[in-house]
Amino acid sequence: MGSIELWTGSALADLGPARQRSILGVLLVDPERPVPLESLVDRVWGERPPAGVRNVVHTYITRLRRALARASAGLPEPIGLIRTPAGYQVSADPATVDLVRFRRLLKSAQQRGLGDRERSMLLQQALHMWRGDALSGMHSDWAARLRETLRQLHHEALSQWADAEIRLERPGTVLAELRAALLSDPLSEQLCERLMLALYLEGRSVDALEHYQSIRRLIAKDLGTDPSRRLQRLHETILRGEAADPAPSPGRGDGDPHTAGPFPAPDAARPARYVPQMLPLDLPDFTGRERELDVLQRTLTRPTDAQPPAVVLVGGGGVGKTALAGRLGHRLRSAFPDGQLYAALRGSSSRPADPHAVLGRLLRALGTDPDRLPADPDERAEVYRLTLAGRHLLLILDDAADDEQVQPLLPGSADAAVLITSRGRLSTPPGARVMHLPVLPHGHGVRLLARMLGSERVAREPAAAAAIARYCGGLPLALRAAAVRLNTRPHWSLSRYAERLSDEGRRLDELAHSSLSVRASFKASYNALPEDAREALRCLGHLPVAEFDAHLACPVLGKDFATVEDACEQLVEAHFLSVAEPAREDLPTRYRLDGLQRSFAQELSSGGTSALDEAVPLSL
């Protein structure tokens with residue numbers, strides 16, 4: 001709960017370099033469970049492990065054993081690292097790990113019947129254990145997601161401590177801590193509500209109202225919505241100068257779901273009156289995809305016995321996965337009378353959504369009181385599955401990063417249907433149908449341009465419109481960027497723009513407008529590749545031909561056939577290369593690098609990457 005450290009009394013042990021400490025950090029997150037070697041590598045290095053990573057791990061484990069033995073030599077129970085058939089595990093009392101102690105203190109503070117003074121003391125002990133950002137010094141995607149989950153746990157503990165202090169009529173004690181936490185999470189309505197209430201009870205109504213207006217503007221700007229009805233009611237209470245009741249303590253009013261503690265009773269967890277409608281806006285100019293829509297509709301509405309009907313929609317950046325999922329959701333409204341849930345998981349961005357936080361948003365959409373959301377990730381997932389049980393709804397998980405992000409968000413019964421979109425291939429949920437989404441056919445690309453530009457404008461220059469669609473390679477993101485660019489320049493002819501697109505060296509510059517950028521979308525996929533595959537894509541930009549096999553690419557990459565073939569397959573999975581039809585089955589696989597992907601590779605190979613630092617756009 002800060003940097004990864006080992007203290008024995010007042011002495012700080014030397015645990016070695018950052019990667020070595022990171023391995024210990026992974027093992028300490030759940031010290032009672034062994035961690036398989038593959039998981040250890042993924043959590044420390046992510047998608048870019050070094051060559052010979054197994055030997056590297058074994059070296060670090062050996063050094064850690066020596067460091068732990070030296071540091072704990074005088075302790076009654078020395079600390080060690082053991083290897084079991086299931087993986088590596090720390091041999092130590094779990095109560096010596098700050099995260100374990102924090103969770104135990106938080107659970108103790110949530111016991112029913114506990115007095116507010118005792119509750120406040122336990123929560124203060126838990127909060128004082130935080131020394132900074134959790135797992136400080138670890139930079140993998142796994143560490144970032146866990147860090148976000150633990151940050152939410154910290155906010156839960158802080159909110160419960162503030163509630164206890166307010167009930168003890170000591171609202172002034174919580175102001176500094178709440179303000180500090182809101183600096184790192186200004187959109188937290190949970191913390192904002194406590195700060196407003198504490199300010200109001202301290203006689204600082206003006207400050208409370210100013211803070212409400214501040215978060216209202218921030219929510220409108222960043223989320224395009226209003227504060228929760230709960231926060232609005234507190235605002236109205238302060239405006240009227242009425243008495244404001246602090247949150248009830250856990251255990252007060254047992255049996256009454258409206259005054260229960262942070263863990264909701266089953267009936268309170270899923271009130272029937274809530275029918276969430278979370279789908280994003282359906283694109284009015286959506287074009288084509290009728291075959292895919294029919295297959296998705298049949299799959300997701302087909303009854304199943306044990307597990308929910310599920311589809312994983314896989315495709316490259318900008319191919320239209322989000323738009324297709326949204327169109328399907330709106331088409332199937334009547335088929336799912338209990339609503340539609342939607343979560344943008346931001347898997348292609350540098351900061352994928354934390355599943356613990358996503359669970360909180362989905363539970364709130366299903367009617368769960370924000371104050372009743374369990375802080376523990378496993379308990380929150382259990383409440384979520386309980387809330388979904390018996391509901392016939394559609395769950396769309398858009399732009400998923402990996403199985404670990406998706407798993408906690410899946411329903412536990414066959415009542416709900418699940419549609420997942422992702423740039424990569426997932427193995428979760430088991431039994432899901434995998435559908436690969438191709439680019440639009442040329443004719444559909446021209447139709448999409450006509451819908452966005454107006455049929456009259458396209459009809460005046462049909463050849464130029466066809467050329468623009470061809471330069472866009474059937475990629476909906478590119479077609480939309482081209483149409484927006486032309487709509488902001490109504491004085492341009494289509495022929496003039498087609499001529500600009502014909503210059504392959506500046507084509508990606510032309511296919512960018514505001515948040516719509518083909519280059520930025522490709523860059524997100526490129527950054528997620530292992531270094532060998534990124535190097536291969538840079539080198540393949542030098543090839544004079546679009547179609548090749550691994551033998552032809554070996555001299556360009558300067559590596560052996562197997563290494564080049566593995567890199568090419570990774571580029572196929574990342575949607576930079578496509579597989580060409582082989583002349584004979586006994587010949588090596590032939591690959592194609594053409595279209596916009598080729599333009600991107602050539603830009604990389606020429607070193608023209610300065611323009612690649614722009615923000616990654618929203619998925620389409």
# chains A, B, ... in the order shown; residues from 1 in each chain; ligands from 1

$ residues_around --residues "Gly320 in chain A" --least-positions-apart "5" --cutoff "10 Å" --atoms "only C-alpha atoms" --output "MDAnalysis selection string"
chainID A and resid 286 289 315 325:326 421 437:440 475:477 619:620

$ select_by_dssp --residues "range 512-547 of chain A" --states "strand (DSSP E)" --output "MDAnalysis selection string"
chainID A and resid 512:513 516:517 547

$ write_last_selection --atoms "N, CA, C and O atoms" --output "PDB file, in the first residue's frame"
ATOM      1  N   ALA A 512      -7.728  12.151 -40.483  1.00  0.00           N
ATOM      2  CA  ALA A 512      -7.761  12.514 -39.067  1.00  0.00           C
ATOM      3  C   ALA A 512      -8.532  13.808 -38.911  1.00  0.00           C
ATOM      4  O   ALA A 512      -8.329  14.762 -39.674  1.00  0.00           O
ATOM      5  N   HIS A 513      -9.419  13.816 -37.947  1.00  0.00           N
ATOM      6  CA  HIS A 513     -10.153  15.045 -37.616  1.00  0.00           C
ATOM      7  C   HIS A 513     -10.630  14.938 -36.184  1.00  0.00           C
ATOM      8  O   HIS A 513     -11.399  14.035 -35.845  1.00  0.00           O
ATOM      9  N   LEU A 516     -11.267  11.597 -34.294  1.00  0.00           N
ATOM     10  CA  LEU A 516     -11.267  10.540 -35.300  1.00  0.00           C
ATOM     11  C   LEU A 516      -9.898  10.500 -35.963  1.00  0.00           C
ATOM     12  O   LEU A 516      -9.552  11.401 -36.735  1.00  0.00           O
ATOM     13  N   SER A 517      -9.127   9.480 -35.675  1.00  0.00           N
ATOM     14  CA  SER A 517      -7.769   9.397 -36.217  1.00  0.00           C
ATOM     15  C   SER A 517      -7.392   7.943 -36.441  1.00  0.00           C
ATOM     16  O   SER A 517      -7.304   7.160 -35.485  1.00  0.00           O
ATOM     17  N   GLU A 547       2.525  -8.686 -50.668  1.00  0.00           N
ATOM     18  CA  GLU A 547       2.304 -10.073 -50.264  1.00  0.00           C
ATOM     19  C   GLU A 547       3.640 -10.788 -50.136  1.00  0.00           C
ATOM     20  O   GLU A 547       4.527 -10.638 -50.984  1.00  0.00           O
TER      21      GLU A 547
END

$ closest_residue --among "A:Glu32, A:Glu603, A:Glu573, A:Glu565" --to "Leu426 in chain A" --atoms "only C-alpha atoms"
A:Glu573

$ select_by_dssp --residues "range 422-611 of chain A" --states "alpha helix (DSSP H)" --output "number ranges by chain"
A: 442-453, 455-460, 462-471, 476-487, 494-501, 507-510, 518-527, 531-540, 550-557, 561-573, 595-605

$ closest_residue --among "A:Asp93, A:Asp371, A:Asp42, A:Asp14" --to "Ala71 in chain A" --atoms "only C-alpha atoms"
A:Asp14

$ atom_distance --atom1 "CA of Pro370 in chain A" --atom2 "CA of Tyr342 in chain A"
18.2 Å
